[in-house]
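Undergrad: Pasting a structure here, questions to come.
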Amino acid sequence: MDTMIGVIGGSGLYEIEGLADADWVTLETPFGDPSDQILTGTLDGVKMAFLPRHGRGHVHSPTTVPYRANIHALKSLGVTDIISVSACGSFREEMAPGDFVIVDQFIDRTVSREKSFFGSGLVAHVSVAHPVCMRLAAACQAAAEASGVSVHMGGTYLAMEGPQFSSLAESKLYREVWGCDVIGMTNMPEAKLAREAEIDYASVAMITDYDSWHPHHGEVDIADIIATLGANSDNARALIARLPKLLGTTRDTCPHGCDRALDFAVMTAPEKRDPDMVAKLSTIAGRVL
Ligand SMILES: CSC[C@H]1O[C@H](OP(=O)(O)O)[C@H](O)[C@@H]1O
Ligand SMILES: Nc1ncnc2[nH]cnc12
């Protein structure tokens, strides 16, 4: 199968350069419009699709990002592997602003978002015990190291609703009691939806701040974050540029089963399935319906 790398760019990363045959395409989905047009093209012969999560000009808040439409649009283009790039706060002294963390776990504290493509008339349950594809995560780590970025392999990402940052008590709870490593507002439900869509997913957290727990850094400040975003985004572009060669033009079946997550997931009996839902889910789940 051809590899197609989908990059979801977070705060500070609204476009990438260097694609051959670059074209911003407009897509509509049964779940509404994606955050923006999607930049398609090829890099080192590998098909690429780039979507700015908040839209160019940063239009969508973490709550209003159309997560389902974004994943649906990438799936409809043929994306096989998603690299999510996100600005994050850090709960660890050694994960300093400017560093990258290759996330491997999530705690989902978001409360106001549609979290599944499925629902009444077509019920499905996929596992997200291991929400990140470690094959893809390893490629991100290698690309970051080759780009000279200080990178940490593995970390738990606390997904909060936002848009306000955490209170000091929340920051300490997530760090000291729950053992989280980084915090952001967008990787959930994005990672869950990618799993439902059977797309391999990896998340690169670009550290911008120490949230509010750090005794010597005071509370999180958006001006500090914006100051760090520029350099982080340049490093993210360098990382992305190395991915096609690492992943190759074709790919085998995912050794971890990310691309077969729906094999046994659909619970609704065939004769009880809502035909409208079946039609609506044809791009996401047509393989098993
Ligand atoms: C710019 S600070 C808060 C904002 O940045 C992160 O967005 P993204 O994950 O898309 O890089 C964070 O989750 C908040 O949405
Ligand atoms: N401290 C923080 N909390 C939540 N999202 C963030 N994005 C960047 N820094 C953040």
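Scheme for the structure tokens: letters A, B, ... for chains in order shown; per-chain residue numbers from 1; ligand numbers from 1 in order shown.
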Give the residue list for ligand 1 at 10 Å, counting only C-alpha atoms and all ligand atoms, as a PyMOL selection string, sorted by chain and then by residue number.

TA: chain A and resi 8-14+52-55+58+60-63+65+84-89+158-165+183-188+203-209+220-226+228-229

Undergrad: May I have the residues within 9 Å of Val288 of chain A as a PDB file with N, CA and C atoms, in the first residue's frame, using only C-alpha atoms and disregarding those fewer than 3 positions away in the same chain?

TA:
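Contents of selection_2.pdb, as written:
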```
ATOM      1  N   LEU A 262     -10.850  -1.750  13.423  1.00  0.00           N
ATOM      2  CA  LEU A 262     -12.298  -1.996  13.325  1.00  0.00           C
ATOM      3  C   LEU A 262     -12.648  -3.464  13.085  1.00  0.00           C
ATOM      4  N   ASP A 263     -11.636  -4.314  13.025  1.00  0.00           N
ATOM      5  CA  ASP A 263     -11.890  -5.722  12.668  1.00  0.00           C
ATOM      6  C   ASP A 263     -13.049  -6.335  13.453  1.00  0.00           C
ATOM      7  N   PHE A 264     -13.076  -6.102  14.753  1.00  0.00           N
ATOM      8  CA  PHE A 264     -14.121  -6.704  15.598  1.00  0.00           C
ATOM      9  C   PHE A 264     -14.881  -5.650  16.392  1.00  0.00           C
ATOM     10  N   VAL A 266     -17.400  -3.292  15.507  1.00  0.00           N
ATOM     11  CA  VAL A 266     -18.805  -2.899  15.304  1.00  0.00           C
ATOM     12  C   VAL A 266     -19.725  -3.882  16.019  1.00  0.00           C
ATOM     13  N   ALA A 285     -15.454   3.452   7.831  1.00  0.00           N
ATOM     14  CA  ALA A 285     -15.627   2.062   8.246  1.00  0.00           C
ATOM     15  C   ALA A 285     -16.076   1.142   7.126  1.00  0.00           C
TER      16      ALA A 285
END
```

Undergrad: Can you list every residue of segment 71-101 of chain A that has an atom at most 12 Å from segment 118-134 of chain A, with its nearest atom pair and the distance in Å to one decimal, using only C-alpha atoms, ordered by chain then number, as a tab-separated table?

TA:
```
residue	atom	partner	partner_atom	distance
A:Thr80	CA	A:Cys133	CA	11.5
A:Asp81	CA	A:Cys133	CA	9.0
A:Ile82	CA	A:Cys133	CA	9.6
A:Ile83	CA	A:Val132	CA	10.1
A:Ser84	CA	A:Val132	CA	10.5
```

Undergrad: Mind writing the picked residues with N, CA and C atoms as a PDB file, in the first residue's frame?

TA:
```
ATOM      1  N   THR A  80      -2.393   7.390   5.453  1.00  0.00           N
ATOM      2  CA  THR A  80      -2.180   6.143   6.202  1.00  0.00           C
ATOM      3  C   THR A  80      -1.544   6.401   7.565  1.00  0.00           C
ATOM      4  N   ASP A  81      -0.830   7.524   7.687  1.00  0.00           N
ATOM      5  CA  ASP A  81      -0.055   7.801   8.897  1.00  0.00           C
ATOM      6  C   ASP A  81      -0.208   9.286   9.249  1.00  0.00           C
ATOM      7  N   ILE A  82      -0.659   9.548  10.475  1.00  0.00           N
ATOM      8  CA  ILE A  82      -0.814  10.944  10.906  1.00  0.00           C
ATOM      9  C   ILE A  82       0.272  11.283  11.919  1.00  0.00           C
ATOM     10  N   ILE A  83       0.943  12.421  11.662  1.00  0.00           N
ATOM     11  CA  ILE A  83       1.856  12.993  12.654  1.00  0.00           C
ATOM     12  C   ILE A  83       1.181  14.252  13.178  1.00  0.00           C
ATOM     13  N   SER A  84       0.860  14.238  14.447  1.00  0.00           N
ATOM     14  CA  SER A  84       0.270  15.407  15.085  1.00  0.00           C
ATOM     15  C   SER A  84       1.384  16.220  15.721  1.00  0.00           C
TER      16      SER A  84
END
```

Undergrad: Identify which of the residues A:Ala137, A:Ala202, A:Val25, A:Cys254 lies closest to Met1 of chain A, counting only C-alpha atoms when measuring atom-to-atom distances.

TA: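 For Met1 of chain A, the nearest of the given residues is A:Cys254.
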
Undergrad: Counting only C-alpha atoms, what is within 6 Å of Val182 of chain A, bar same-chain residues fewer than 2 positions away, as a PyMOL selection string?

TA: chain A and resi 89-91+157

Undergrad: Could you jot down the atom CA of Val177 of chain A to atom CA of Ala96 of chain A separation for me, Å, one decimal place?

TA: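 Computed distance, atom CA of Val177 of chain A to atom CA of Ala96 of chain A, equals 20.4 Å.
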
Undergrad: Pick from A:Ala69, A:Ile102, A:Ala227, A:Leu281: nearest to ligand 2, with only C-alpha atoms and all ligand atoms counted?

TA: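 Closest to ligand 2 of all the choices is A:Ala227.
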
Undergrad: Among the residues of segment 21-143 of chain A, find those DSSP assigns to strand (DSSP E) from the backbone and print them as number ranges by chain.

TA: A: 21-25, 38-43, 46-52, 81-90, 100-103, 105-108

Undergrad: Would you save the residues of that selection, restricted to N, CA and C atoms, as a CSV table (one decimal), in the first residue's frame?

TA:
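So again-v3.csv came out as:
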```
chain,number,residue,atom,x,y,z
A,21,ASP,N,4.5,19.5,-6.5
A,21,ASP,CA,3.0,19.6,-6.9
A,21,ASP,C,2.1,20.0,-5.8
A,22,ALA,N,2.5,21.0,-5.1
A,22,ALA,CA,1.8,21.5,-3.9
A,22,ALA,C,0.4,22.1,-4.4
A,23,ASP,N,-0.6,21.8,-3.6
A,23,ASP,CA,-2.0,22.3,-4.0
A,23,ASP,C,-2.8,22.3,-2.7
A,24,TRP,N,-3.4,23.4,-2.4
A,24,TRP,CA,-4.4,23.5,-1.3
A,24,TRP,C,-5.7,23.0,-1.8
A,25,VAL,N,-6.2,21.9,-1.3
A,25,VAL,CA,-7.5,21.4,-1.8
A,25,VAL,C,-8.6,21.6,-0.7
A,38,ILE,N,-6.6,21.7,2.7
A,38,ILE,CA,-5.5,20.8,3.0
A,38,ILE,C,-4.4,20.9,1.9
A,39,LEU,N,-3.2,21.1,2.4
A,39,LEU,CA,-2.1,21.2,1.4
A,39,LEU,C,-1.6,19.8,1.0
A,40,THR,N,-1.7,19.4,-0.2
A,40,THR,CA,-1.3,18.1,-0.7
A,40,THR,C,-0.1,18.3,-1.6
A,41,GLY,N,0.7,17.2,-1.8
A,41,GLY,CA,1.8,17.2,-2.6
A,41,GLY,C,2.7,16.0,-2.3
A,42,THR,N,3.9,16.0,-2.8
A,42,THR,CA,4.8,14.9,-2.5
A,42,THR,C,6.2,15.5,-1.9
A,43,LEU,N,6.8,14.7,-1.1
A,43,LEU,CA,8.1,15.0,-0.5
A,43,LEU,C,9.0,13.8,-0.6
A,46,VAL,N,7.1,10.7,-1.6
A,46,VAL,CA,6.0,10.2,-0.7
A,46,VAL,C,4.9,11.2,-0.7
A,47,LYS,N,3.7,10.7,-0.8
A,47,LYS,CA,2.5,11.5,-0.8
A,47,LYS,C,2.3,12.2,0.6
A,48,MET,N,2.0,13.5,0.6
A,48,MET,CA,1.8,14.2,1.9
A,48,MET,C,0.5,15.0,1.9
A,49,ALA,N,0.0,15.2,3.1
A,49,ALA,CA,-1.2,16.1,3.2
A,49,ALA,C,-1.0,16.8,4.5
A,50,PHE,N,-1.1,18.2,4.5
A,50,PHE,CA,-0.8,19.0,5.7
A,50,PHE,C,-2.1,19.8,6.0
A,51,LEU,N,-2.5,19.7,7.2
A,51,LEU,CA,-3.8,20.4,7.7
A,51,LEU,C,-3.4,21.2,8.9
A,52,PRO,N,-3.6,22.5,8.8
A,52,PRO,CA,-3.4,23.3,10.0
A,52,PRO,C,-4.6,23.2,11.0
A,81,ASP,N,-0.8,7.5,7.7
A,81,ASP,CA,-0.1,7.8,8.9
A,81,ASP,C,-0.2,9.3,9.2
A,82,ILE,N,-0.7,9.5,10.5
A,82,ILE,CA,-0.8,10.9,10.9
A,82,ILE,C,0.3,11.3,11.9
A,83,ILE,N,0.9,12.4,11.7
A,83,ILE,CA,1.9,13.0,12.7
A,83,ILE,C,1.2,14.3,13.2
A,84,SER,N,0.9,14.2,14.4
A,84,SER,CA,0.3,15.4,15.1
A,84,SER,C,1.4,16.2,15.7
A,85,VAL,N,1.4,17.5,15.5
A,85,VAL,CA,2.4,18.4,16.0
A,85,VAL,C,1.6,19.4,16.9
A,86,SER,N,2.1,19.5,18.2
A,86,SER,CA,1.3,20.3,19.1
A,86,SER,C,2.2,21.1,20.1
A,87,ALA,N,1.8,22.3,20.4
A,87,ALA,CA,2.4,23.1,21.4
A,87,ALA,C,1.9,22.6,22.8
A,88,CYS,N,2.9,22.4,23.7
A,88,CYS,CA,2.5,21.8,25.0
A,88,CYS,C,3.2,22.4,26.2
A,89,GLY,N,2.6,22.4,27.3
A,89,GLY,CA,3.3,22.7,28.6
A,89,GLY,C,4.0,21.5,29.1
A,90,SER,N,5.0,21.7,29.9
A,90,SER,CA,5.8,20.5,30.5
A,90,SER,C,5.6,20.4,32.0
A,100,PHE,N,11.4,18.5,22.3
A,100,PHE,CA,10.2,17.8,21.8
A,100,PHE,C,10.0,16.5,22.6
A,101,VAL,N,8.8,16.1,22.8
A,101,VAL,CA,8.5,14.9,23.5
A,101,VAL,C,7.6,14.0,22.6
A,102,ILE,N,8.0,12.8,22.3
A,102,ILE,CA,7.2,11.9,21.5
A,102,ILE,C,6.3,11.2,22.5
A,103,VAL,N,5.0,11.6,22.4
A,103,VAL,CA,4.0,11.2,23.4
A,103,VAL,C,3.6,9.7,23.1
A,105,GLN,N,1.2,8.1,25.6
A,105,GLN,CA,-0.1,7.9,26.3
A,105,GLN,C,-0.8,9.2,26.5
A,106,PHE,N,-2.1,9.1,26.7
A,106,PHE,CA,-3.0,10.3,26.9
A,106,PHE,C,-3.9,10.1,28.1
A,107,ILE,N,-4.2,11.1,28.8
A,107,ILE,CA,-5.3,11.2,29.7
A,107,ILE,C,-6.3,12.2,29.2
A,108,ASP,N,-7.5,11.8,28.9
A,108,ASP,CA,-8.5,12.7,28.2
A,108,ASP,C,-9.4,13.3,29.2
```

Undergrad: Write out as a VMD selection string each polymer residue whose atoms come within 6 Å of Cys258 of chain A, counting only C-alpha atoms; drop sequence neighbours fewer than 2 positions from it.

TA: chain A and resid 198 200 256 260 to 261

Undergrad: Since we have the selection now, will you write its residues out, keeping N, CA and C atoms, as a PDB file, in the first residue's frame?

TA:
```pdb
ATOM      1  N   GLU A 198      -8.754   3.973  11.547  1.00  0.00           N
ATOM      2  CA  GLU A 198      -7.696   3.008  11.220  1.00  0.00           C
ATOM      3  C   GLU A 198      -6.481   3.677  10.588  1.00  0.00           C
ATOM      4  N   ASP A 200      -2.741   5.163  11.455  1.00  0.00           N
ATOM      5  CA  ASP A 200      -1.674   5.177  12.467  1.00  0.00           C
ATOM      6  C   ASP A 200      -1.453   6.624  12.910  1.00  0.00           C
ATOM      7  N   HIS A 256       1.324  -3.272  14.781  1.00  0.00           N
ATOM      8  CA  HIS A 256       0.568  -3.141  16.035  1.00  0.00           C
ATOM      9  C   HIS A 256      -0.945  -3.196  15.813  1.00  0.00           C
ATOM     10  N   ARG A 260      -6.127  -1.938  11.555  1.00  0.00           N
ATOM     11  CA  ARG A 260      -7.192  -2.955  11.546  1.00  0.00           C
ATOM     12  C   ARG A 260      -8.054  -2.837  12.804  1.00  0.00           C
ATOM     13  N   ALA A 261      -8.119  -1.635  13.363  1.00  0.00           N
ATOM     14  CA  ALA A 261      -8.779  -1.426  14.657  1.00  0.00           C
ATOM     15  C   ALA A 261     -10.262  -1.783  14.624  1.00  0.00           C
TER      16      ALA A 261
END
```

Undergrad: List every residue of segment 39-286 of chain A that DSSP, applied to the backbone of this structure, places in alpha helix (DSSP H), and write the result as a ChimeraX atom specification.

TA: /A:67-77,134-146,168-172,187-196,222-247,275-280,282-285

Undergrad: Nearest to Glu190 of chain A among A:Arg68, A:Arg273, A:Arg287, A:His216, with distances taken over only C-alpha atoms: which residue is it?

TA: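 Looking at the shortest contact to Glu190 of chain A, the residue is A:Arg68.
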
Undergrad: Looking at A:Glu17, A:Trp213, A:Asn235, A:Pro275, which one is nearest to ligand 2, with distances taken over only C-alpha atoms and all ligand atoms?

TA: A:Trp213

Undergrad: Could you tell me how far atom CA of Arg175 of chain A sits from atom CA of Glu94 of chain A, in Å to one decimal place?

TA: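 Atom CA of Glu94 of chain A sits 13.3 Å away from atom CA of Arg175 of chain A.
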